[in-house]
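Next comes target.pdb, a file with PDB, C-alpha atoms.
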ATOM      1  CA  MET G1201      14.012  -8.546 201.164
ATOM      2  CA  ALA G1202      16.781 -11.135 201.543
ATOM      3  CA  ARG G1203      20.274  -9.867 202.104
ATOM      4  CA  LEU G1204      22.422 -10.284 199.021
ATOM      5  CA  ALA G1205      25.984 -11.595 198.788
ATOM      6  CA  ILE G1206      28.130 -11.965 195.682
ATOM      7  CA  LEU G1207      30.847 -14.602 196.000
ATOM      8  CA  ILE G1208      33.946 -14.158 193.844
ATOM      9  CA  HIS G1209      36.290 -17.056 193.177
ATOM     10  CA  GLY G1210      40.037 -16.924 192.720
ATOM     11  CA  MET G1211      42.604 -18.195 190.238
ATOM     12  CA  TRP G1212      41.922 -21.391 188.308
ATOM     13  CA  ALA G1213      38.475 -21.701 189.851
ATOM     14  CA  THR G1214      34.834 -21.416 188.823
ATOM     15  CA  SER G1215      31.655 -20.591 190.697
ATOM     16  CA  ASP G1216      31.389 -24.249 191.768
ATOM     17  CA  VAL G1217      33.916 -23.710 194.571
ATOM     18  CA  TRP G1218      31.300 -21.701 196.501
ATOM     19  CA  ARG G1219      28.689 -24.454 196.888
ATOM     20  CA  ASN G1220      29.416 -24.955 200.602
ATOM     21  CA  TRP G1221      29.309 -21.250 201.357
ATOM     22  CA  GLN G1222      26.194 -20.640 199.266
ATOM     23  CA  LYS G1223      24.278 -23.358 201.095
ATOM     24  CA  PHE G1224      25.521 -22.073 204.457
ATOM     25  CA  LEU G1225      24.529 -18.466 203.741
ATOM     26  CA  GLU G1226      21.188 -19.280 202.139
ATOM     27  CA  GLU G1227      20.188 -21.310 205.199
ATOM     28  CA  ARG G1228      20.724 -18.099 207.177
ATOM     29  CA  GLY G1229      18.555 -15.911 205.006
ATOM     30  CA  TRP G1230      21.003 -14.690 202.401
ATOM     31  CA  GLN G1231      20.447 -14.597 198.683
ATOM     32  CA  THR G1232      23.697 -15.470 196.913
ATOM     33  CA  LEU G1233      25.175 -15.061 193.460
ATOM     34  CA  ALA G1234      28.415 -16.787 192.511
ATOM     35  CA  PRO G1235      29.342 -15.855 188.942
ATOM     36  CA  SER G1236      32.260 -17.406 187.120
ATOM     37  CA  LEU G1237      34.752 -14.786 186.004
ATOM     38  CA  ARG G1238      35.160 -14.001 182.324
ATOM     39  CA  HIS G1239      36.506 -16.973 180.293
ATOM     40  CA  HIS G1240      36.356 -19.296 183.337
ATOM     41  CA  ASP G1241      33.096 -21.107 182.611
ATOM     42  CA  VAL G1242      34.848 -23.496 180.216
ATOM     43  CA  PRO G1243      36.375 -27.002 180.304
ATOM     44  CA  PRO G1244      39.800 -27.218 181.979
ATOM     45  CA  THR G1245      41.386 -28.419 178.743
ATOM     46  CA  ALA G1246      40.249 -25.609 176.452
ATOM     47  CA  PRO G1247      41.286 -22.100 177.550
ATOM     48  CA  PRO G1248      39.873 -19.325 175.347
ATOM     49  CA  SER G1249      42.623 -17.542 173.450
ATOM     50  CA  ALA G1250      41.519 -14.182 174.871
ATOM     51  CA  LEU G1251      41.960 -15.346 178.470
ATOM     52  CA  GLY G1252      45.699 -14.721 178.601
ATOM     53  CA  GLU G1253      45.308 -10.963 178.248
ATOM     54  CA  THR G1254      42.153 -10.597 180.340
ATOM     55  CA  GLY G1255      42.989  -8.561 183.425
ATOM     56  CA  LEU G1256      41.707  -7.582 186.832
ATOM     57  CA  CYS G1257      40.021  -4.497 185.384
ATOM     58  CA  ASP G1258      37.980  -6.739 183.087
ATOM     59  CA  TYR G1259      36.853  -8.918 185.980
ATOM     60  CA  VAL G1260      35.921  -5.850 188.035
ATOM     61  CA  ALA G1261      34.010  -4.258 185.147
ATOM     62  CA  ASP G1262      31.994  -7.429 184.551
ATOM     63  CA  LEU G1263      30.988  -7.614 188.203
ATOM     64  CA  GLU G1264      30.119  -3.931 188.338
ATOM     65  CA  ASN G1265      27.803  -4.483 185.375
ATOM     66  CA  LEU G1266      26.188  -7.381 187.239
ATOM     67  CA  ILE G1267      25.787  -5.333 190.411
ATOM     68  CA  GLY G1268      24.335  -2.427 188.445
ATOM     69  CA  GLY G1269      21.338  -4.579 187.560
ATOM     70  CA  LEU G1270      20.579  -5.557 191.160
ATOM     71  CA  PRO G1271      17.924  -3.877 193.323
ATOM     72  CA  GLU G1272      20.469  -2.955 196.000
ATOM     73  CA  LYS G1273      24.168  -3.069 196.714
ATOM     74  CA  PRO G1274      25.383  -6.492 197.844
ATOM     75  CA  VAL G1275      28.106  -7.506 200.196
ATOM     76  CA  VAL G1276      31.020  -9.121 198.392
ATOM     77  CA  ILE G1277      32.926 -12.191 199.551
ATOM     78  CA  GLY G1278      36.091 -13.005 197.651
ATOM     79  CA  HIS G1279      38.739 -15.693 197.894
ATOM     80  CA  SER G1280      42.383 -15.192 196.896
ATOM     81  CA  MET G1281      42.410 -13.196 193.632
ATOM     82  CA  GLY G1282      38.670 -12.826 194.181
ATOM     83  CA  GLY G1283      39.453 -11.081 197.460
ATOM     84  CA  LEU G1284      41.405  -8.397 195.624
ATOM     85  CA  ILE G1285      38.570  -8.046 193.113
ATOM     86  CA  ALA G1286      36.119  -7.686 196.019
ATOM     87  CA  LEU G1287      38.360  -5.027 197.550
ATOM     88  CA  ARG G1288      38.340  -3.065 194.309
ATOM     89  CA  LEU G1289      34.546  -3.282 194.160
ATOM     90  CA  CYS G1290      34.376  -1.867 197.683
ATOM     91  CA  ALA G1291      36.696   0.988 196.699
ATOM     92  CA  ASN G1292      34.481   1.720 193.695
ATOM     93  CA  GLY G1293      31.388   2.047 195.875
ATOM     94  CA  ALA G1294      29.754  -1.089 194.484
ATOM     95  CA  ALA G1295      29.348  -3.017 197.755
ATOM     96  CA  LYS G1296      28.100  -2.556 201.326
ATOM     97  CA  ALA G1297      30.930  -4.558 202.878
ATOM     98  CA  GLY G1298      33.649  -7.013 201.932
ATOM     99  CA  VAL G1299      34.813 -10.332 203.343
ATOM    100  CA  LEU G1300      38.265 -11.068 201.946
ATOM    101  CA  LEU G1301      39.357 -14.676 202.403
ATOM    102  CA  THR G1302      43.121 -15.188 202.136
ATOM    103  CA  PRO G1303      43.080 -12.324 199.614
ATOM    104  CA  ALA G1304      45.713 -11.394 197.085
ATOM    105  CA  PRO G1305      47.045  -8.048 198.321
ATOM    106  CA  PRO G1306      46.764  -4.630 196.718
ATOM    107  CA  SER G1307      49.864  -3.265 195.029
ATOM    108  CA  ALA G1308      50.952  -1.272 198.090
ATOM    109  CA  VAL G1309      51.501  -4.480 200.076
ATOM    110  CA  LEU G1310      54.530  -6.530 199.063
ATOM    111  CA  ALA G1311      53.419 -10.140 198.741
ATOM    112  CA  LEU G1312      56.548 -11.904 197.512
ATOM    113  CA  ARG G1313      57.631 -14.727 199.813
ATOM    114  CA  PRO G1314      59.719 -17.849 199.104
ATOM    115  CA  SER G1315      56.643 -20.080 199.138
ATOM    116  CA  ASN G1316      54.608 -18.131 196.605
ATOM    117  CA  LEU G1317      57.634 -17.513 194.413
ATOM    118  CA  LEU G1318      58.054 -21.282 194.196
ATOM    119  CA  ALA G1319      54.343 -21.759 193.553
ATOM    120  CA  PHE G1320      54.513 -19.749 190.321
ATOM    121  CA  ALA G1321      58.124 -20.415 189.280
ATOM    122  CA  ARG G1322      57.262 -22.944 186.560
ATOM    123  CA  ILE G1323      54.614 -20.676 185.027
ATOM    124  CA  GLN G1324      56.851 -17.624 185.096
ATOM    125  CA  ALA G1325      59.779 -19.507 183.583
ATOM    126  CA  HIS G1326      58.050 -19.435 180.182
ATOM    127  CA  TRP G1327      58.566 -16.444 177.928
ATOM    128  CA  ALA G1328      55.546 -14.127 177.619
ATOM    129  CA  TRP G1329      53.748 -15.887 180.491
ATOM    130  CA  TRP G1330      52.133 -12.526 181.268
ATOM    131  CA  ARG G1331      49.903 -12.767 178.205
ATOM    132  CA  LYS G1332      49.217 -16.502 178.112
ATOM    133  CA  PRO G1333      46.705 -18.696 179.961
ATOM    134  CA  HIS G1334      48.206 -20.920 182.644
ATOM    135  CA  ARG G1335      47.063 -23.723 184.932
ATOM    136  CA  ALA G1336      48.602 -25.159 188.085
ATOM    137  CA  THR G1337      49.757 -28.768 187.941
ATOM    138  CA  ARG G1338      48.419 -31.311 190.416
ATOM    139  CA  ARG G1339      51.707 -31.258 192.304
ATOM    140  CA  GLU G1340      51.616 -27.468 192.562
ATOM    141  CA  ALA G1341      47.983 -27.469 193.652
ATOM    142  CA  LEU G1342      48.591 -30.030 196.400
ATOM    143  CA  ALA G1343      51.719 -28.243 197.618
ATOM    144  CA  TYR G1344      50.403 -24.694 197.671
ATOM    145  CA  THR G1345      46.609 -24.433 197.363
ATOM    146  CA  PHE G1346      45.543 -27.645 199.116
ATOM    147  CA  ASN G1347      48.473 -28.174 201.490
ATOM    148  CA  THR G1348      46.151 -28.626 204.498
ATOM    149  CA  THR G1349      43.429 -30.457 202.567
ATOM    150  CA  ASP G1350      43.155 -34.249 202.315
ATOM    151  CA  PRO G1351      45.410 -35.152 199.344
ATOM    152  CA  ALA G1352      42.761 -37.271 197.638
ATOM    153  CA  GLU G1353      40.228 -34.471 197.925
ATOM    154  CA  GLY G1354      42.810 -31.962 196.752
ATOM    155  CA  ALA G1355      43.545 -34.074 193.686
ATOM    156  CA  THR G1356      39.830 -34.220 192.882
ATOM    157  CA  LEU G1357      39.491 -30.466 193.311
ATOM    158  CA  HIS G1358      42.467 -29.928 191.028
ATOM    159  CA  GLU G1359      40.689 -31.794 188.235
ATOM    160  CA  SER G1360      38.159 -28.955 188.109
ATOM    161  CA  PHE G1361      40.841 -26.266 187.828
ATOM    162  CA  VAL G1362      40.510 -24.162 184.698
ATOM    163  CA  HIS G1363      43.144 -21.945 183.119
ATOM    164  CA  GLU G1364      43.879 -18.486 184.472
ATOM    165  CA  SER G1365      44.956 -15.253 182.867
ATOM    166  CA  GLY G1366      48.647 -14.502 182.597
ATOM    167  CA  ARG G1367      47.742 -10.838 182.607
ATOM    168  CA  ALA G1368      45.944 -11.114 185.952
ATOM    169  CA  LEU G1369      48.868 -12.986 187.515
ATOM    170  CA  PHE G1370      51.261 -10.330 186.230
ATOM    171  CA  GLU G1371      49.132  -7.537 187.703
ATOM    172  CA  ILE G1372      49.111  -9.219 191.118
ATOM    173  CA  ALA G1373      52.672 -10.555 191.226
ATOM    174  CA  LEU G1374      54.527  -7.631 189.623
ATOM    175  CA  PRO G1375      52.337  -4.583 190.205
ATOM    176  CA  TRP G1376      55.227  -2.125 189.955
ATOM    177  CA  LEU G1377      55.625  -3.116 186.266
ATOM    178  CA  ASP G1378      51.929  -2.808 185.467
ATOM    179  CA  ARG G1379      51.192   0.465 183.681
ATOM    180  CA  ARG G1380      47.460  -0.038 184.216
ATOM    181  CA  LYS G1381      47.953  -0.239 188.006
ATOM    182  CA  ALA G1382      45.181  -2.826 188.138
ATOM    183  CA  ALA G1383      46.018  -3.933 191.697
ATOM    184  CA  ARG G1384      46.152  -0.417 193.119
ATOM    185  CA  VAL G1385      43.500   0.393 195.720
ATOM    186  CA  ASP G1386      43.475   3.822 197.367
ATOM    187  CA  PRO G1387      42.541   3.315 201.034
ATOM    188  CA  ARG G1388      40.891   6.742 201.098
ATOM    189  CA  ARG G1389      38.281   5.425 198.681
ATOM    190  CA  VAL G1390      37.294   2.526 200.918
ATOM    191  CA  THR G1391      34.597   3.589 203.361
ATOM    192  CA  VAL G1392      32.746   0.300 203.900
ATOM    193  CA  PRO G1393      33.710  -2.362 206.466
ATOM    194  CA  LEU G1394      36.219  -5.034 205.476
ATOM    195  CA  LEU G1395      36.967  -8.381 207.107
ATOM    196  CA  PHE G1396      40.335  -9.893 206.227
ATOM    197  CA  VAL G1397      40.745 -13.632 206.854
ATOM    198  CA  ALA G1398      44.250 -15.075 207.174
ATOM    199  CA  ALA G1399      45.310 -18.725 207.406
ATOM    200  CA  GLU G1400      48.343 -19.826 209.422
ATOM    201  CA  LYS G1401      49.549 -22.438 206.899
ATOM    202  CA  ASP G1402      48.782 -20.458 203.729
ATOM    203  CA  ARG G1403      51.663 -20.768 201.254
ATOM    204  CA  LEU G1404      50.159 -18.569 198.528
ATOM    205  CA  VAL G1405      49.105 -15.555 200.605
ATOM    206  CA  PRO G1406      50.924 -16.025 203.924
ATOM    207  CA  PRO G1407      49.205 -14.626 207.017
ATOM    208  CA  ASP G1408      51.678 -11.782 207.461
ATOM    209  CA  VAL G1409      50.710 -10.516 203.998
ATOM    210  CA  VAL G1410      47.021 -10.574 204.934
ATOM    211  CA  ARG G1411      47.739  -8.788 208.208
ATOM    212  CA  ARG G1412      49.637  -6.069 206.347
ATOM    213  CA  SER G1413      46.747  -5.659 203.925
ATOM    214  CA  ALA G1414      44.359  -5.300 206.863
ATOM    215  CA  ARG G1415      46.588  -2.647 208.435
ATOM    216  CA  TYR G1416      46.660  -0.749 205.139
ATOM    217  CA  PHE G1417      42.883  -0.366 205.477
ATOM    218  CA  SER G1418      42.877  -0.151 209.274
ATOM    219  CA  HIS G1419      40.275   2.628 209.334
ATOM    220  CA  VAL G1420      37.606   0.149 208.157
ATOM    221  CA  SER G1421      39.079  -3.321 208.686
ATOM    222  CA  ASP G1422      38.979  -6.253 211.054
ATOM    223  CA  CYS G1423      41.224  -9.285 210.705
ATOM    224  CA  LEU G1424      40.790 -12.896 211.792
ATOM    225  CA  GLU G1425      43.536 -15.521 211.592
ATOM    226  CA  TYR G1426      42.874 -19.248 211.730
ATOM    227  CA  PRO G1427      45.470 -21.744 212.997
ATOM    228  CA  ARG G1428      46.244 -24.906 211.038
ATOM    229  CA  GLN G1429      44.366 -23.586 207.991
ATOM    230  CA  GLY G1430      45.861 -23.328 204.515
ATOM    231  CA  HIS G1431      44.819 -21.270 201.521
ATOM    232  CA  TRP G1432      41.709 -23.335 200.740
ATOM    233  CA  VAL G1433      39.484 -21.892 203.453
ATOM    234  CA  LEU G1434      36.440 -22.484 201.239
ATOM    235  CA  GLY G1435      36.135 -26.189 201.830
ATOM    236  CA  GLN G1436      38.819 -27.823 203.942
ATOM    237  CA  PRO G1437      37.996 -29.015 207.480
ATOM    238  CA  GLY G1438      37.137 -26.004 209.598
ATOM    239  CA  TRP G1439      35.542 -23.957 206.829
ATOM    240  CA  GLU G1440      32.229 -23.929 208.727
ATOM    241  CA  LYS G1441      33.739 -21.975 211.624
ATOM    242  CA  ILE G1442      35.194 -19.439 209.206
ATOM    243  CA  ALA G1443      31.861 -19.062 207.412
ATOM    244  CA  GLU G1444      30.007 -18.766 210.721
ATOM    245  CA  GLN G1445      32.275 -16.025 212.031
ATOM    246  CA  ALA G1446      32.254 -14.185 208.704
ATOM    247  CA  GLU G1447      28.449 -14.264 208.605
ATOM    248  CA  ALA G1448      28.246 -13.046 212.201
ATOM    249  CA  TRP G1449      30.604 -10.182 211.341
ATOM    250  CA  LEU G1450      28.429  -9.255 208.348
ATOM    251  CA  ALA G1451      25.330  -9.303 210.548
ATOM    252  CA  ARG G1452      26.982  -6.837 212.920
ATOM    253  CA  LYS G1453      28.113  -4.559 210.118
ATOM    254  CA  VAL G1454      25.140  -4.565 207.720
ATOM    255  CA  GLY G1455      22.342  -6.066 209.820
ATOM    256  CA  ARG G1456      20.224  -9.184 209.619
TER     257      ARG G1456
END
Is it possible to give me this structure as structure tokens?
Amino acid sequence: MARLAILIHGMWATSDVWRNWQKFLEERGWQTLAPSLRHHDVPPTAPPSALGETGLCDYVADLENLIGGLPEKPVVIGHSMGGLIALRLCANGAAKAGVLLTPAPPSAVLALRPSNLLAFARIQAHWAWWRKPHRATRREALAYTFNTTDPAEGATLHESFVHESGRALFEIALPWLDRRKAARVDPRRVTVPLLFVAAEKDRLVPPDVVRRSARYFSHVSDCLEYPRQGHWVLGQPGWEKIAEQAEAWLARKVGR
């Protein structure tokens, strides 16, 4: 039976962002699933009205339902917000292992830095942003998500950006105000191996934030940091090395 990996995208993205990684993993004997999160499989110009108040718990529940129909537990690989979702799945006992690529941190790890405050300042300047869909502008995407990606390629990638949930951003950015505690992950509940991947030039989830997240789960975690890489470790130059080392780590932890 092929080993199974579920790949979970981050903010403003769809399952399409995983094409490189899916091909890479499938060539090495993995079966992959890359679902689009709820309300993300839509055109960039038409956000569903319900998206704004869709939260992390909704995304996690949808993926748990998907996993419940599989013949065995998968490993989960998540990027950015998807990394936090993957972490929650691991804490809930839904996965064998987790690879967390430049992941949004759990609520216990303070993530606020000047760079990511600036990245979301325009969105958060609007009243009730926490219950409205939002989408990064091209300038914001090039400055913060694709800052180490070729600008022309980054602009093309931005065209595929869809809207994201204001609720999900609120739960990640201001967890101490969230009564649902959607970003809380109890380290005692995580018993499967985790690989945290940090990027030196990441302006959304700076490497020190990723390192702190890894230390918070130090009983099960390893951490790799890549120089000259920005947040978009899925497809910018050098992604192959990251994928190769992540796959090798998975092979050591869950077998080939």
Evaluated on this file, the PyMOL selection byres ((chain G and resi 1373) around 12) picks out some residues - which ones are they, written as a PyMOL selection string?
chain G and resi 1281+1304-1313+1316-1317+1319-1321+1324+1330+1366-1372+1374-1378+1381-1383+1404-1405
Please produce an output containing C-alpha atoms for each residue in the selection, written as a PDB file, keeping the file's coordinate frame.
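Below is the file that was written, again14.pdb:
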ATOM      1  CA  MET G1281      42.410 -13.196 193.632  1.00  0.00           C
ATOM      2  CA  ALA G1304      45.713 -11.394 197.085  1.00  0.00           C
ATOM      3  CA  PRO G1305      47.045  -8.048 198.321  1.00  0.00           C
ATOM      4  CA  PRO G1306      46.764  -4.630 196.718  1.00  0.00           C
ATOM      5  CA  SER G1307      49.864  -3.265 195.029  1.00  0.00           C
ATOM      6  CA  ALA G1308      50.952  -1.272 198.090  1.00  0.00           C
ATOM      7  CA  VAL G1309      51.501  -4.480 200.076  1.00  0.00           C
ATOM      8  CA  LEU G1310      54.530  -6.530 199.063  1.00  0.00           C
ATOM      9  CA  ALA G1311      53.419 -10.140 198.741  1.00  0.00           C
ATOM     10  CA  LEU G1312      56.548 -11.904 197.512  1.00  0.00           C
ATOM     11  CA  ARG G1313      57.631 -14.727 199.813  1.00  0.00           C
ATOM     12  CA  ASN G1316      54.608 -18.131 196.605  1.00  0.00           C
ATOM     13  CA  LEU G1317      57.634 -17.513 194.413  1.00  0.00           C
ATOM     14  CA  ALA G1319      54.343 -21.759 193.553  1.00  0.00           C
ATOM     15  CA  PHE G1320      54.513 -19.749 190.321  1.00  0.00           C
ATOM     16  CA  ALA G1321      58.124 -20.415 189.280  1.00  0.00           C
ATOM     17  CA  GLN G1324      56.851 -17.624 185.096  1.00  0.00           C
ATOM     18  CA  TRP G1330      52.133 -12.526 181.268  1.00  0.00           C
ATOM     19  CA  GLY G1366      48.647 -14.502 182.597  1.00  0.00           C
ATOM     20  CA  ARG G1367      47.742 -10.838 182.607  1.00  0.00           C
ATOM     21  CA  ALA G1368      45.944 -11.114 185.952  1.00  0.00           C
ATOM     22  CA  LEU G1369      48.868 -12.986 187.515  1.00  0.00           C
ATOM     23  CA  PHE G1370      51.261 -10.330 186.230  1.00  0.00           C
ATOM     24  CA  GLU G1371      49.132  -7.537 187.703  1.00  0.00           C
ATOM     25  CA  ILE G1372      49.111  -9.219 191.118  1.00  0.00           C
ATOM     26  CA  LEU G1374      54.527  -7.631 189.623  1.00  0.00           C
ATOM     27  CA  PRO G1375      52.337  -4.583 190.205  1.00  0.00           C
ATOM     28  CA  TRP G1376      55.227  -2.125 189.955  1.00  0.00           C
ATOM     29  CA  LEU G1377      55.625  -3.116 186.266  1.00  0.00           C
ATOM     30  CA  ASP G1378      51.929  -2.808 185.467  1.00  0.00           C
ATOM     31  CA  LYS G1381      47.953  -0.239 188.006  1.00  0.00           C
ATOM     32  CA  ALA G1382      45.181  -2.826 188.138  1.00  0.00           C
ATOM     33  CA  ALA G1383      46.018  -3.933 191.697  1.00  0.00           C
ATOM     34  CA  LEU G1404      50.159 -18.569 198.528  1.00  0.00           C
ATOM     35  CA  VAL G1405      49.105 -15.555 200.605  1.00  0.00           C
TER      36      VAL G1405
END
Quick one: everything within 10 Å of Ile1442 in chain G, counting only C-alpha atoms, minus sequence neighbours fewer than 4 positions away in the same chain. Send it as an MDAnalysis selection string.
chainID G and resid 1221 1301 1397 1424:1426 1433:1434 1438 1446:1448
Using only C-alpha atoms, what table do you get, as a Markdown table, when you list each residue of range 1223-1243 of chain G with an atom no more than 8 Å from range 1205-1212 of chain G, its nearest pair of atoms, and their distance in Å rounded to one decimal, rows by chain then rising number?
| residue | atom | partner | partner_atom | distance |
| --- | --- | --- | --- | --- |
| G:Trp1230 | CA | G:Ala1205 | CA | 6.9 |
| G:Gln1231 | CA | G:Ala1205 | CA | 6.3 |
| G:Thr1232 | CA | G:Ala1205 | CA | 4.9 |
| G:Leu1233 | CA | G:Ile1206 | CA | 4.8 |
| G:Ala1234 | CA | G:Leu1207 | CA | 4.8 |
| G:Pro1235 | CA | G:Ile1208 | CA | 6.9 |
| G:Ser1236 | CA | G:His1209 | CA | 7.3 |
| G:Leu1237 | CA | G:His1209 | CA | 7.7 |
| G:His1240 | CA | G:Trp1212 | CA | 7.8 |
Excluding Ala1250 in chain G and its own-chain neighbours fewer than 2 positions away, which residues fall within 12 Å of it when counting only C-alpha atoms? Please give them as an NGL selection string.
:G and (1238-1240 or 1246-1248 or 1252-1255 or 1258 or 1331-1333 or 1363-1367)
Where does the PyMOL selection byres ((chain G and resi 1271) around 12) land in this file, that is, which residues does it pick, as a PDB file with C-alpha atoms, in the frame of the given file?
ATOM      1  CA  MET G1201      14.012  -8.546 201.164  1.00  0.00           C
ATOM      2  CA  ALA G1202      16.781 -11.135 201.543  1.00  0.00           C
ATOM      3  CA  ARG G1203      20.274  -9.867 202.104  1.00  0.00           C
ATOM      4  CA  LEU G1204      22.422 -10.284 199.021  1.00  0.00           C
ATOM      5  CA  LEU G1266      26.188  -7.381 187.239  1.00  0.00           C
ATOM      6  CA  ILE G1267      25.787  -5.333 190.411  1.00  0.00           C
ATOM      7  CA  GLY G1268      24.335  -2.427 188.445  1.00  0.00           C
ATOM      8  CA  GLY G1269      21.338  -4.579 187.560  1.00  0.00           C
ATOM      9  CA  LEU G1270      20.579  -5.557 191.160  1.00  0.00           C
ATOM     10  CA  GLU G1272      20.469  -2.955 196.000  1.00  0.00           C
ATOM     11  CA  LYS G1273      24.168  -3.069 196.714  1.00  0.00           C
ATOM     12  CA  PRO G1274      25.383  -6.492 197.844  1.00  0.00           C
TER      13      PRO G1274
END
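Residue nearest Ile1285 in chain G, chosen from G:Ala1297, G:Ala1399, G:Asp1408, G:Cys1257 and counting all atoms listed in the file: G:Cys1257.
Take the candidates G:Arg1456, G:Arg1379, G:Lys1223, G:His1279 and check each one against Leu1300 in chain G using only C-alpha atoms; the shortest distance goes to G:His1279.
The nearest approach to Thr1349 in chain G among the residues G:Tyr1259, G:Asp1241, G:Lys1401, G:His1419, with all atoms listed in the file taken into account, belongs to G:Lys1401.
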To verify the selection step, state as an MDAnalysis selection string which residues the PyMOL selection byres ((chain G and resi 1291-1293) around 9) yields on this input.
chainID G and resid 1264 1273 1286:1290 1294:1296 1385:1392
What separation in Å, quoted to one decimal, exists between CA of Gln1429 in chain G and CA of Pro1314 in chain G?
18.6 Å
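Residue nearest Asp1216 in chain G, chosen from G:Leu1263, G:Pro1427, G:His1326, G:Ser1360 and counting only C-alpha atoms: G:Ser1360.
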Using only C-alpha atoms, determine which residues lie at most 10 Å from Leu1342 in chain G, disregarding the query and same-chain residues fewer than 5 positions distant; provide the list as an mmCIF file with C-alpha atoms, keeping the file's coordinate frame.
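Output file out_17.cif follows:
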data_model
loop_
_atom_site.group_PDB
_atom_site.id
_atom_site.type_symbol
_atom_site.label_atom_id
_atom_site.label_comp_id
_atom_site.auth_asym_id
_atom_site.auth_seq_id
_atom_site.Cartn_x
_atom_site.Cartn_y
_atom_site.Cartn_z
ATOM 1 C CA ALA G 1336 48.602 -25.159 188.085
ATOM 2 C CA THR G 1337 49.757 -28.768 187.941
ATOM 3 C CA ASN G 1347 48.473 -28.174 201.490
ATOM 4 C CA THR G 1348 46.151 -28.626 204.498
ATOM 5 C CA THR G 1349 43.429 -30.457 202.567
ATOM 6 C CA ASP G 1350 43.155 -34.249 202.315
ATOM 7 C CA PRO G 1351 45.410 -35.152 199.344
ATOM 8 C CA ALA G 1352 42.761 -37.271 197.638
ATOM 9 C CA GLU G 1353 40.228 -34.471 197.925
ATOM 10 C CA GLY G 1354 42.810 -31.962 196.752
ATOM 11 C CA ALA G 1355 43.545 -34.074 193.686
ATOM 12 C CA LEU G 1357 39.491 -30.466 193.311
ATOM 13 C CA HIS G 1358 42.467 -29.928 191.028
#
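Relative to CA of Trp1327 in chain G, CA of Gly1282 in chain G is found at 25.9 Å.
Minimum atom-to-atom distances from G:Pro1243, G:Arg1339, G:Ser1249, G:Thr1345 to Arg1403 in chain G were compared using all atoms listed in the file, and the lowest value belongs to G:Thr1345.
Each of G:Trp1329, G:Leu1251, G:Phe1224, G:Ser1418 was compared to Lys1441 in chain G using only C-alpha atoms, and G:Phe1224 turns out to be the nearest.
Here CA of Trp1218 in chain G and CA of Ser1280 in chain G stand 12.9 Å from one another.
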